[in-house]
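Visitor: One file is attached below, upload.cif, containing mmCIF, C-alpha atoms (C1' of nucleotides).
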```
data_work
loop_
_atom_site.label_atom_id
_atom_site.label_comp_id
_atom_site.auth_asym_id
_atom_site.auth_seq_id
_atom_site.Cartn_x
_atom_site.Cartn_y
_atom_site.Cartn_z
CA MET A 1 32.79 76.15 156.53
CA THR A 2 32.98 76.54 160.30
CA PRO A 3 29.28 76.08 161.09
CA ALA A 4 28.03 72.53 161.47
CA PRO A 5 26.47 71.02 158.34
CA LYS A 6 23.33 70.03 160.25
CA LYS A 7 21.53 71.61 163.18
CA PRO A 8 23.49 71.06 166.41
CA ALA A 9 20.48 69.49 168.19
CA ARG A 10 21.57 70.16 171.73
CA ILE A 11 21.62 67.12 173.90
CA PRO A 12 18.86 67.44 176.53
CA LEU A 13 19.99 68.63 179.93
CA THR A 14 18.37 65.57 181.44
CA GLY A 15 20.83 63.37 179.61
CA LEU A 16 23.75 65.34 180.99
CA LEU A 17 22.32 65.35 184.50
CA ASP A 18 21.77 61.63 184.24
CA VAL A 19 25.32 60.89 183.15
CA ALA A 20 26.75 63.05 185.92
CA LEU A 21 24.47 61.52 188.54
CA GLU A 22 25.07 57.94 187.54
CA SER A 23 28.81 58.42 187.26
CA MET A 24 28.95 59.89 190.72
CA LEU A 25 26.77 57.14 192.13
CA ASP A 26 28.94 54.52 190.47
CA GLU A 27 32.00 55.87 192.22
CA PHE A 28 30.11 55.99 195.48
CA ARG A 29 28.73 52.48 195.22
CA GLU A 30 32.07 51.03 194.31
CA GLU A 31 33.62 52.49 197.43
CA LEU A 32 30.69 51.45 199.56
CA GLU A 33 31.11 47.90 198.31
CA GLY A 34 34.54 47.80 199.82
CA SER A 35 33.46 49.18 203.17
CA GLU A 36 31.99 47.54 206.22
CA PHE A 37 28.54 48.67 205.04
CA ALA A 38 28.54 46.57 201.89
CA ASP A 39 25.21 45.01 202.85
CA LEU A 40 23.45 48.26 201.98
CA ARG A 41 21.74 48.32 198.61
CA PRO A 42 21.01 51.37 196.48
CA THR A 43 17.35 51.30 197.49
CA HIS A 44 18.29 51.84 201.10
CA GLY A 45 19.82 55.20 200.28
CA CYS A 46 16.58 57.15 200.63
CA VAL A 47 16.50 56.45 204.35
CA PHE A 48 20.02 57.71 204.99
CA ARG A 49 19.38 60.60 202.69
CA PHE A 50 16.35 61.92 204.50
CA VAL A 51 16.22 60.60 208.06
CA ARG A 52 17.95 62.81 210.59
CA ASP A 53 18.73 62.55 214.28
CA HIS A 54 15.25 63.13 215.62
CA GLY A 55 13.70 60.49 213.38
CA MET A 56 10.98 60.65 210.77
CA ARG A 57 7.59 59.12 210.15
CA LEU A 58 7.15 56.61 207.38
CA THR A 59 4.59 58.75 205.59
CA LYS A 60 6.92 61.73 205.56
CA LEU A 61 9.81 59.63 204.32
CA ALA A 62 7.70 58.21 201.51
CA GLU A 63 6.65 61.70 200.50
CA LEU A 64 10.22 63.01 200.44
CA ALA A 65 11.51 60.01 198.54
CA SER A 66 8.58 60.15 196.11
CA ILE A 67 7.61 56.55 196.72
CA THR A 68 4.58 54.90 198.31
CA LYS A 69 4.28 54.20 202.01
CA GLN A 70 4.32 50.51 201.19
CA SER A 71 7.63 50.70 199.39
CA ALA A 72 9.12 52.80 202.14
CA GLY A 73 7.87 50.31 204.68
CA GLU A 74 9.65 47.45 202.94
CA ILE A 75 12.89 49.37 202.77
CA VAL A 76 12.65 50.21 206.45
CA ASP A 77 11.89 46.57 207.26
CA ASP A 78 15.10 45.62 205.48
CA LEU A 79 17.15 48.18 207.34
CA VAL A 80 15.66 47.15 210.66
CA ALA A 81 16.64 43.56 209.93
CA LEU A 82 20.16 44.72 209.09
CA GLY A 83 20.35 46.75 212.28
CA TYR A 84 20.67 50.19 210.71
CA VAL A 85 17.37 51.68 211.85
CA LYS A 86 14.72 51.13 214.49
CA ARG A 87 11.10 52.14 214.88
CA ILE A 88 10.16 53.91 218.05
CA PRO A 89 6.66 55.03 219.01
CA ASP A 90 5.95 58.64 218.14
CA PRO A 91 5.19 60.40 221.44
CA GLU A 92 2.93 62.84 219.62
CA ASP A 93 0.75 60.28 217.87
CA ARG A 94 0.14 56.73 219.04
CA ARG A 95 -0.59 55.53 215.50
CA ALA A 96 2.76 56.67 214.21
CA LYS A 97 6.28 55.39 214.64
CA LEU A 98 9.45 57.36 214.24
CA ILE A 99 12.08 55.82 212.01
CA CYS A 100 15.42 56.43 213.71
CA LEU A 101 18.96 55.49 212.87
CA THR A 102 20.67 53.15 215.28
CA PRO A 103 24.28 53.97 216.26
CA LYS A 104 25.31 51.63 213.45
CA GLY A 105 22.99 53.52 211.13
CA GLU A 106 24.49 56.84 212.09
CA GLU A 107 27.94 55.47 211.42
CA ALA A 108 26.81 54.33 208.00
CA GLN A 109 25.23 57.70 207.26
CA ALA A 110 28.37 59.58 208.30
CA HIS A 111 30.49 57.20 206.26
CA GLY A 112 28.26 57.66 203.23
CA PHE A 113 28.32 61.43 203.48
CA GLY A 114 32.08 61.23 203.82
CA LEU A 115 32.33 59.16 200.66
CA PHE A 116 30.18 61.65 198.78
CA ALA A 117 32.42 64.47 199.96
CA GLU A 118 35.45 62.55 198.74
CA VAL A 119 33.94 61.99 195.32
CA GLU A 120 33.09 65.67 195.05
CA LYS A 121 36.61 66.64 196.00
CA ARG A 122 37.96 64.23 193.41
CA TRP A 123 35.76 65.84 190.78
CA MET A 124 37.10 69.22 191.81
CA GLY A 125 40.55 67.98 190.95
CA ARG A 126 39.26 66.58 187.67
CA TYR A 127 37.14 69.48 186.43
CA GLY A 128 38.24 72.46 188.50
CA ARG A 129 37.29 73.56 191.96
CA GLU A 130 35.44 76.64 190.76
CA LYS A 131 33.38 74.79 188.18
CA ILE A 132 32.22 72.19 190.68
CA GLU A 133 31.46 74.86 193.26
CA ALA A 134 29.48 76.82 190.69
CA LEU A 135 27.71 73.61 189.71
CA ARG A 136 26.80 72.99 193.34
CA ALA A 137 25.63 76.57 193.84
CA THR A 138 23.35 76.47 190.82
CA LEU A 139 22.01 73.04 191.69
CA GLU A 140 21.30 74.17 195.24
CA GLU A 141 19.33 77.07 193.89
CA ILE A 142 17.40 74.82 191.55
CA ALA A 143 16.72 72.23 194.25
CA ALA A 144 15.51 74.92 196.63
CA GLY A 145 13.26 76.26 193.90
CA GLU A 146 11.88 72.99 192.56
CA ARG A 147 11.66 70.81 195.62
CA PRO A 148 12.56 72.66 198.82
CA GLU A 149 11.15 69.97 201.10
CA ALA A 150 13.66 67.48 199.71
CA VAL A 151 16.64 69.59 200.73
CA PRO A 152 15.94 70.71 204.29
CA GLU A 153 19.64 71.39 204.84
CA LEU A 154 19.39 74.28 202.44
CA GLU A 155 16.53 75.93 204.29
CA ARG A 156 18.65 76.13 207.41
CA THR A 157 21.54 77.56 205.48
CA GLU A 158 19.27 80.10 203.83
CA LEU A 159 17.87 81.14 207.19
CA ALA A 160 21.36 81.55 208.56
CA GLY A 161 22.28 83.62 205.57
CA VAL A 162 19.26 85.94 205.93
CA MET B 1 27.12 84.82 215.59
CA THR B 2 27.25 84.44 211.83
CA PRO B 3 28.66 80.90 211.60
CA ALA B 4 26.20 78.05 211.87
CA PRO B 5 25.89 76.48 215.32
CA LYS B 6 26.50 72.98 213.95
CA LYS B 7 28.62 71.72 211.09
CA PRO B 8 26.99 72.60 207.76
CA ALA B 9 27.09 68.97 206.53
CA ARG B 10 26.89 69.70 202.84
CA ILE B 11 24.15 67.88 201.09
CA PRO B 12 25.69 65.39 198.65
CA LEU B 13 25.89 66.54 195.05
CA THR B 14 24.03 63.39 194.04
CA GLY B 15 21.00 64.58 195.95
CA LEU B 16 21.06 67.90 194.14
CA LEU B 17 21.58 66.28 190.77
CA ASP B 18 18.73 63.92 191.52
CA VAL B 19 16.31 66.69 192.43
CA ALA B 20 17.21 68.67 189.34
CA LEU B 21 16.93 65.63 187.08
CA GLU B 22 13.63 64.42 188.47
CA SER B 23 12.11 67.88 188.44
CA MET B 24 13.03 68.34 184.82
CA LEU B 25 11.74 64.90 183.91
CA ASP B 26 8.50 65.61 185.73
CA GLU B 27 7.93 68.69 183.62
CA PHE B 28 8.79 66.75 180.50
CA ARG B 29 6.54 63.82 181.29
CA GLU B 30 3.62 66.01 182.13
CA GLU B 31 3.83 67.69 178.77
CA LEU B 32 4.36 64.40 176.99
CA GLU B 33 1.19 63.08 178.63
CA GLY B 34 -0.82 65.77 176.90
CA SER B 35 0.72 65.15 173.51
CA GLU B 36 -0.09 62.69 170.77
CA PHE B 37 2.74 60.49 172.05
CA ALA B 38 1.17 59.77 175.42
CA ASP B 39 1.52 56.03 174.88
CA LEU B 40 5.28 56.32 175.46
CA ARG B 41 6.47 55.29 178.90
CA PRO B 42 9.59 56.50 180.69
CA THR B 43 11.38 53.24 179.94
CA HIS B 44 11.08 53.88 176.24
CA GLY B 45 13.17 57.00 176.54
CA CYS B 46 16.50 55.23 176.18
CA VAL B 47 15.71 54.37 172.57
CA PHE B 48 14.86 57.91 171.55
CA ARG B 49 17.82 59.13 173.53
CA PHE B 50 20.41 57.04 171.76
CA VAL B 51 19.11 55.82 168.41
CA ARG B 52 19.90 58.13 165.52
CA ASP B 53 18.97 58.20 161.86
CA HIS B 54 21.23 55.40 160.69
CA GLY B 55 19.95 52.99 163.33
CA MET B 56 21.74 51.08 166.06
CA ARG B 57 22.28 47.48 167.07
CA LEU B 58 20.58 46.15 170.17
CA THR B 59 23.86 45.29 171.85
CA LYS B 60 25.15 48.82 171.37
CA LEU B 61 21.93 50.33 172.66
CA ALA B 62 22.03 48.14 175.76
CA GLU B 63 25.61 49.17 176.41
CA LEU B 64 24.85 52.88 176.07
CA ALA B 65 21.75 52.63 178.25
CA SER B 66 23.59 50.50 180.82
CA ILE B 67 21.02 47.73 180.71
CA THR B 68 21.12 44.14 179.50
CA LYS B 69 20.41 43.13 175.94
CA GLN B 70 17.31 41.33 177.17
CA SER B 71 15.86 44.43 178.76
CA ALA B 72 16.65 46.48 175.70
CA GLY B 73 15.00 43.84 173.57
CA GLU B 74 11.76 44.08 175.53
CA ILE B 75 11.71 47.83 175.24
CA VAL B 76 12.28 47.64 171.51
CA ASP B 77 9.53 45.00 171.20
CA ASP B 78 7.17 47.45 172.87
CA LEU B 79 8.13 50.29 170.58
CA VAL B 80 7.81 48.09 167.52
CA ALA B 81 4.28 47.16 168.61
CA LEU B 82 3.50 50.85 169.06
CA GLY B 83 4.90 51.68 165.66
CA TYR B 84 7.75 53.90 166.75
CA VAL B 85 10.69 51.74 165.67
CA LYS B 86 11.42 48.88 163.30
CA ARG B 87 14.15 46.29 163.04
CA ILE B 88 15.92 46.02 159.74
CA PRO B 89 18.64 43.49 158.89
CA ASP B 90 22.13 44.84 159.33
CA PRO B 91 23.77 44.69 155.87
CA GLU B 92 27.17 44.26 157.51
CA ASP B 93 26.27 41.30 159.72
CA ARG B 94 23.50 38.84 159.06
CA ARG B 95 23.15 38.02 162.77
CA ALA B 96 22.44 41.62 163.68
CA LYS B 97 19.48 43.89 163.16
CA LEU B 98 19.49 47.66 163.13
CA ILE B 99 16.95 49.35 165.34
CA CYS B 100 15.60 52.30 163.37
CA LEU B 101 13.01 54.93 164.10
CA THR B 102 9.96 54.90 161.88
CA PRO B 103 8.68 58.25 160.58
CA LYS B 104 6.35 58.27 163.59
CA GLY B 105 9.34 57.54 165.80
CA GLU B 106 11.30 60.41 164.33
CA GLU B 107 8.37 62.73 164.94
CA ALA B 108 8.24 61.58 168.53
CA GLN B 109 11.97 62.07 168.96
CA ALA B 110 11.85 65.56 167.50
CA HIS B 111 8.87 66.39 169.66
CA GLY B 112 10.64 65.10 172.75
CA PHE B 113 13.79 67.04 172.04
CA GLY B 114 11.63 70.12 171.49
CA LEU B 115 9.95 69.64 174.84
CA PHE B 116 13.33 69.33 176.55
CA ALA B 117 14.47 72.53 174.88
CA GLU B 118 11.32 74.27 176.12
CA VAL B 119 11.88 73.11 179.67
CA GLU B 120 15.46 74.31 179.55
CA LYS B 121 14.38 77.70 178.24
CA ARG B 122 11.79 77.90 181.01
CA TRP B 123 14.51 77.18 183.58
CA MET B 124 16.60 79.93 182.06
CA GLY B 125 13.79 82.33 182.82
CA ARG B 126 13.50 80.90 186.32
CA TYR B 127 17.16 80.75 187.35
CA GLY B 128 18.96 82.98 184.87
CA ARG B 129 20.17 82.30 181.37
CA GLU B 130 23.82 82.47 182.32
CA LYS B 131 23.52 80.07 185.23
CA ILE B 132 21.75 77.45 183.14
CA GLU B 133 24.25 77.88 180.33
CA ALA B 134 27.13 77.51 182.76
CA LEU B 135 25.40 74.46 184.23
CA ARG B 136 25.11 72.92 180.79
CA ALA B 137 28.71 73.73 179.93
CA THR B 138 30.04 72.10 183.09
CA LEU B 139 27.77 69.08 182.73
CA GLU B 140 28.86 68.64 179.13
CA GLU B 141 32.45 68.64 180.26
CA ILE B 142 31.71 66.12 182.97
CA ALA B 143 29.69 63.87 180.66
CA ALA B 144 32.44 63.94 178.06
CA GLY B 145 34.94 63.06 180.76
CA GLU B 146 32.99 60.37 182.58
CA ARG B 147 31.05 58.68 179.83
CA PRO B 148 31.91 60.03 176.38
CA GLU B 149 30.21 57.18 174.53
CA ALA B 150 26.86 58.18 176.05
CA VAL B 151 26.99 61.68 174.57
CA PRO B 152 28.06 61.23 170.96
CA GLU B 153 26.66 64.65 170.08
CA LEU B 154 29.41 66.22 172.10
CA GLU B 155 32.17 64.42 170.23
CA ARG B 156 30.95 65.90 166.98
CA THR B 157 30.77 69.35 168.53
CA GLU B 158 34.24 68.96 169.95
CA LEU B 159 35.59 67.87 166.60
CA ALA B 160 33.96 70.84 164.92
CA GLY B 161 35.40 73.12 167.54
CA VAL B 162 38.93 71.76 167.09
"C1'" DG C 1 -19.09 61.52 224.03
"C1'" DA C 2 -20.68 59.62 219.74
"C1'" DA C 3 -20.59 59.82 214.71
"C1'" DG C 4 -18.13 60.64 210.81
"C1'" DC C 5 -13.91 61.47 208.63
"C1'" DC C 6 -8.89 61.75 208.12
"C1'" DT C 7 -4.29 59.90 208.93
"C1'" DT C 8 -0.78 56.18 210.06
"C1'" DG C 9 1.09 52.06 209.00
"C1'" DT C 10 0.37 47.33 207.25
"C1'" DC C 11 -1.22 43.29 204.41
"C1'" DA C 12 -2.22 41.12 200.02
"C1'" DG C 13 -1.78 40.86 195.28
"C1'" DG C 14 0.09 42.41 190.99
"C1'" DA C 15 2.59 45.18 187.49
"C1'" DA C 16 6.88 46.81 185.71
"C1'" DT C 17 11.61 46.58 185.20
"C1'" DC C 18 15.70 44.38 185.05
"C1'" DC C 19 18.63 40.39 185.82
"C1'" DT C 20 20.95 35.46 185.20
"C1'" DT C 21 21.26 31.43 182.52
"C1'" DA C 22 20.96 29.13 178.29
"C1'" DC C 23 20.58 28.77 173.43
"C1'" DG C 24 20.45 28.94 168.12
"C1'" DA C 25 22.33 31.63 164.29
"C1'" DC C 26 26.07 33.73 162.25
"C1'" DA C 27 31.04 35.61 161.87
"C1'" DA C 28 36.08 35.26 162.01
"C1'" DG C 29 40.45 32.99 162.48
"C1'" DG C 30 43.00 29.08 162.33
"C1'" DC D 1 35.88 22.22 158.97
"C1'" DC D 2 36.30 23.58 163.81
"C1'" DT D 3 36.89 26.48 167.54
"C1'" DT D 4 35.84 30.67 169.48
"C1'" DG D 5 33.27 34.77 169.98
"C1'" DT D 6 29.30 37.87 169.05
"C1'" DC D 7 24.19 38.94 167.98
"C1'" DG D 8 19.81 38.51 169.34
"C1'" DT D 9 16.23 35.80 171.78
"C1'" DA D 10 13.77 32.74 175.18
"C1'" DA D 11 12.60 31.37 179.87
"C1'" DG D 12 12.45 32.07 184.54
"C1'" DG D 13 13.49 34.74 188.64
"C1'" DA D 14 14.66 38.78 191.68
"C1'" DT D 15 13.83 43.36 192.76
"C1'" DT D 16 11.33 47.28 193.13
"C1'" DC D 17 7.40 49.62 193.22
"C1'" DC D 18 2.51 49.99 192.64
"C1'" DT D 19 -3.00 49.68 193.59
"C1'" DG D 20 -6.60 48.38 196.73
"C1'" DA D 21 -8.13 47.35 201.17
"C1'" DC D 22 -7.82 47.47 206.03
"C1'" DA D 23 -7.42 48.04 211.43
"C1'" DA D 24 -5.98 51.35 214.84
"C1'" DG D 25 -5.69 55.77 216.41
"C1'" DG D 26 -6.57 60.85 216.05
"C1'" DC D 27 -9.52 64.88 214.89
"C1'" DT D 28 -13.84 67.54 214.15
"C1'" DT D 29 -18.54 68.36 214.79
"C1'" DC D 30 -22.59 68.14 216.71
#
```
Since I need it in another form, could you write the structure as structure tokens?

Guide:
Amino acid sequence: MTPAPKKPARIPLTGLLDVALESMLDEFREELEGSEFADLRPTHGCVFRFVRDHGMRLTKLAELASITKQSAGEIVDDLVALGYVKRIPDPEDRRAKLICLTPKGEEAQAHGFGLFAEVEKRWMGRYGREKIEALRATLEEIAAGERPEAVPELERTELAGV
Amino acid sequence: MTPAPKKPARIPLTGLLDVALESMLDEFREELEGSEFADLRPTHGCVFRFVRDHGMRLTKLAELASITKQSAGEIVDDLVALGYVKRIPDPEDRRAKLICLTPKGEEAQAHGFGLFAEVEKRWMGRYGREKIEALRATLEEIAAGERPEAVPELERTELAGV
DNA sequence: GAAGCCTTGTCAGGAATCCTTACGACAAGG
DNA sequence: CCTTGTCGTAAGGATTCCTGACAAGGCTTC
């Protein structure tokens, strides 16, 4: 009588990934709401996620974020208006502009990364440090395998490890 | 010389979850495109994800999918027009209707679940059976902890296991 | 260096998705 | 009944993202 009466019908992994992702983002957004960067909307995240110190071209950002240049342009327009990013001419190509974080933008990025780290630590307390670390390790491997260009941080780490 | 020159700055778990989720969905959608159910759009997924044999009310579906009743209604309208679902009066409440899968809808759901199982098996070959199984186990625990109502399959499994 | 072609970013228009507000129909408790 | 709340729907709007087209600048080839 132990086995289930019907086939178990495993829930798709995508459903589990989605629940985990959305739950984590909910915690993040709630905390961001209460911060001094409450004027940032979810859409703006792709910029803070991908743009680093040296700046990035719009086309590259759009490619990484898997959106069109037009959409990326609108998002950047917003962030420029809010004072988080600026466009500077690309010294290597007079057509292009580098999207750079302003000091305010860098503060926001650091704050956001800090919030994410807090949420992860909280989940470690909730589900076990080792499980979350194993989860991260596996996900890093998957991300590096499926979409390495979207996780440049990992490449550096890999290089350091080799 | 082993430690990194700068702080590692861990990539947020949300970014990793996002890459894994989108990669998996990409594989799924590509295969769905080539199937007989190519007229299904990503938005329609929430219905097949949550509606089971006995049917479900619109309000409940909207709550599970974290969207408004109006949005859910539009999606259901679409699927009714495509012949995947039907609305039947709820015998327990004359205001309500139960959203049920038609035979075609059940075929599509089974096909979709099969595709997801295939993708997962493929990832097992790519990243190791044990890692993917551990990933699933941890994600199931997280999903049950963060949003149990969105993964009813797990409740049943838990009950059977207890 | 001129012609042709590619890339960069932008503009214009539209499609898709989801929301807020409001409402009629029905249910449940007094 | 009458009030209150829930179920589903209608109408209109906001957001997000897309397709198509374009000028400006770079790149290749002759």

Visitor: Taking the file as shown, what set of residues would the PyMOL selection byres ((chain A and resi 43) around 10) give back, as a list in words?

Guide: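 The output of the PyMOL selection byres ((chain A and resi 43) around 10) on this file is Leu40, Arg41, Pro42, His44, Gly45, Cys46, Val47, Ser71, Ala72 and Ile75 of chain A; DT15 and DT16 of chain D.
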
Visitor: For chain C, list the residues within 8 Å of chain A, counting all atoms listed in the file, and write the list as a list of chain:residue names.

Guide: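 Every residue of chain C that passes the 8 Å test is in C:DT8, C:DG9, C:DT10.
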
Visitor: Return the neighbours of chain B among the residues of chain A, cut-off 9 Å, counting only C-alpha atoms, as a VMD selection string.

Guide: chain A and resid 2 to 4 8 to 25 49 113 116 to 117 120 123 126 to 127 131 to 132 134 to 136 138 to 143 145 to 147 150 to 151 153 to 154 156 to 157 160 to 161

Visitor: Could you take the residues named above and write them with C-alpha atoms, as a compact mmCIF listing (two decimals), keeping the file's coordinate frame?

Guide:
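Contents of the output file result.txt:
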```
# COMPACT_ATOMS: atom_id res chain seq x y z
CA THR A 2 32.98 76.54 160.30
CA PRO A 3 29.28 76.08 161.09
CA ALA A 4 28.03 72.53 161.47
CA PRO A 8 23.49 71.06 166.41
CA ALA A 9 20.48 69.49 168.19
CA ARG A 10 21.57 70.16 171.73
CA ILE A 11 21.62 67.12 173.90
CA PRO A 12 18.86 67.44 176.53
CA LEU A 13 19.99 68.63 179.93
CA THR A 14 18.37 65.57 181.44
CA GLY A 15 20.83 63.37 179.61
CA LEU A 16 23.75 65.34 180.99
CA LEU A 17 22.32 65.35 184.50
CA ASP A 18 21.77 61.63 184.24
CA VAL A 19 25.32 60.89 183.15
CA ALA A 20 26.75 63.05 185.92
CA LEU A 21 24.47 61.52 188.54
CA GLU A 22 25.07 57.94 187.54
CA SER A 23 28.81 58.42 187.26
CA MET A 24 28.95 59.89 190.72
CA LEU A 25 26.77 57.14 192.13
CA ARG A 49 19.38 60.60 202.69
CA PHE A 113 28.32 61.43 203.48
CA PHE A 116 30.18 61.65 198.78
CA ALA A 117 32.42 64.47 199.96
CA GLU A 120 33.09 65.67 195.05
CA TRP A 123 35.76 65.84 190.78
CA ARG A 126 39.26 66.58 187.67
CA TYR A 127 37.14 69.48 186.43
CA LYS A 131 33.38 74.79 188.18
CA ILE A 132 32.22 72.19 190.68
CA ALA A 134 29.48 76.82 190.69
CA LEU A 135 27.71 73.61 189.71
CA ARG A 136 26.80 72.99 193.34
CA THR A 138 23.35 76.47 190.82
CA LEU A 139 22.01 73.04 191.69
CA GLU A 140 21.30 74.17 195.24
CA GLU A 141 19.33 77.07 193.89
CA ILE A 142 17.40 74.82 191.55
CA ALA A 143 16.72 72.23 194.25
CA GLY A 145 13.26 76.26 193.90
CA GLU A 146 11.88 72.99 192.56
CA ARG A 147 11.66 70.81 195.62
CA ALA A 150 13.66 67.48 199.71
CA VAL A 151 16.64 69.59 200.73
CA GLU A 153 19.64 71.39 204.84
CA LEU A 154 19.39 74.28 202.44
CA ARG A 156 18.65 76.13 207.41
CA THR A 157 21.54 77.56 205.48
CA ALA A 160 21.36 81.55 208.56
CA GLY A 161 22.28 83.62 205.57
```

Visitor: Quick one: which chain D residues come within 8 Å of chain A, and what is the nearest atom pair for each with the distance in Å to one decimal, counting only C-alpha atoms (C1' of nucleotides), rows ordered by chain and ascending number, as CSV?

Guide:
```
residue,atom,partner,partner_atom,distance
D:DC17,C1',A:Ser71,CA,6.3
D:DC18,C1',A:Thr68,CA,7.8
D:DA24,C1',A:Arg95,CA,6.9
D:DG25,C1',A:Arg95,CA,5.2
D:DG26,C1',A:Asp93,CA,7.6
```

Visitor: Atom CA of Val85 of chain A and atom CA of Thr102 of chain A are how many Å apart?

Guide: 5.0 Å

Visitor: Would you pick out the contacts of Tyr84 of chain A at 12 Å or less, using all atoms listed in the file, so that residues sharing its chain but fewer than 2 positions from it are not included, and give the list as an NGL selection string?

Guide: :A and (37 or 39-40 or 44-45 or 47-48 or 51 or 75-82 or 86-87 or 99-109)

Visitor: State, in Å with one decimal place, the distance from atom CA of Ala62 of chain A to atom CA of Glu30 of chain B.

Guide: 21.3 Å

Visitor: Just give me the gap between atom CA of Glu118 of chain A and atom CA of Asp53 of chain A in Å, one decimal is fine.

Guide: 22.8 Å

Visitor: Name the residues in contact with DT19 of chain D at a cut-off of 10 Å, using all atoms listed in the file, excluding same-chain residues fewer than 3 positions from it; report them as a PyMOL selection string.

Guide: chain C and resi 13-15

Visitor: Using the chain letters and residue numbers of this document, give as a PyMOL selection string the residues selected by the PyMOL selection byres ((chain C and resi 2) around 12).

Guide: (chain C and resi 1+3-4) or (chain D and resi 28-30)
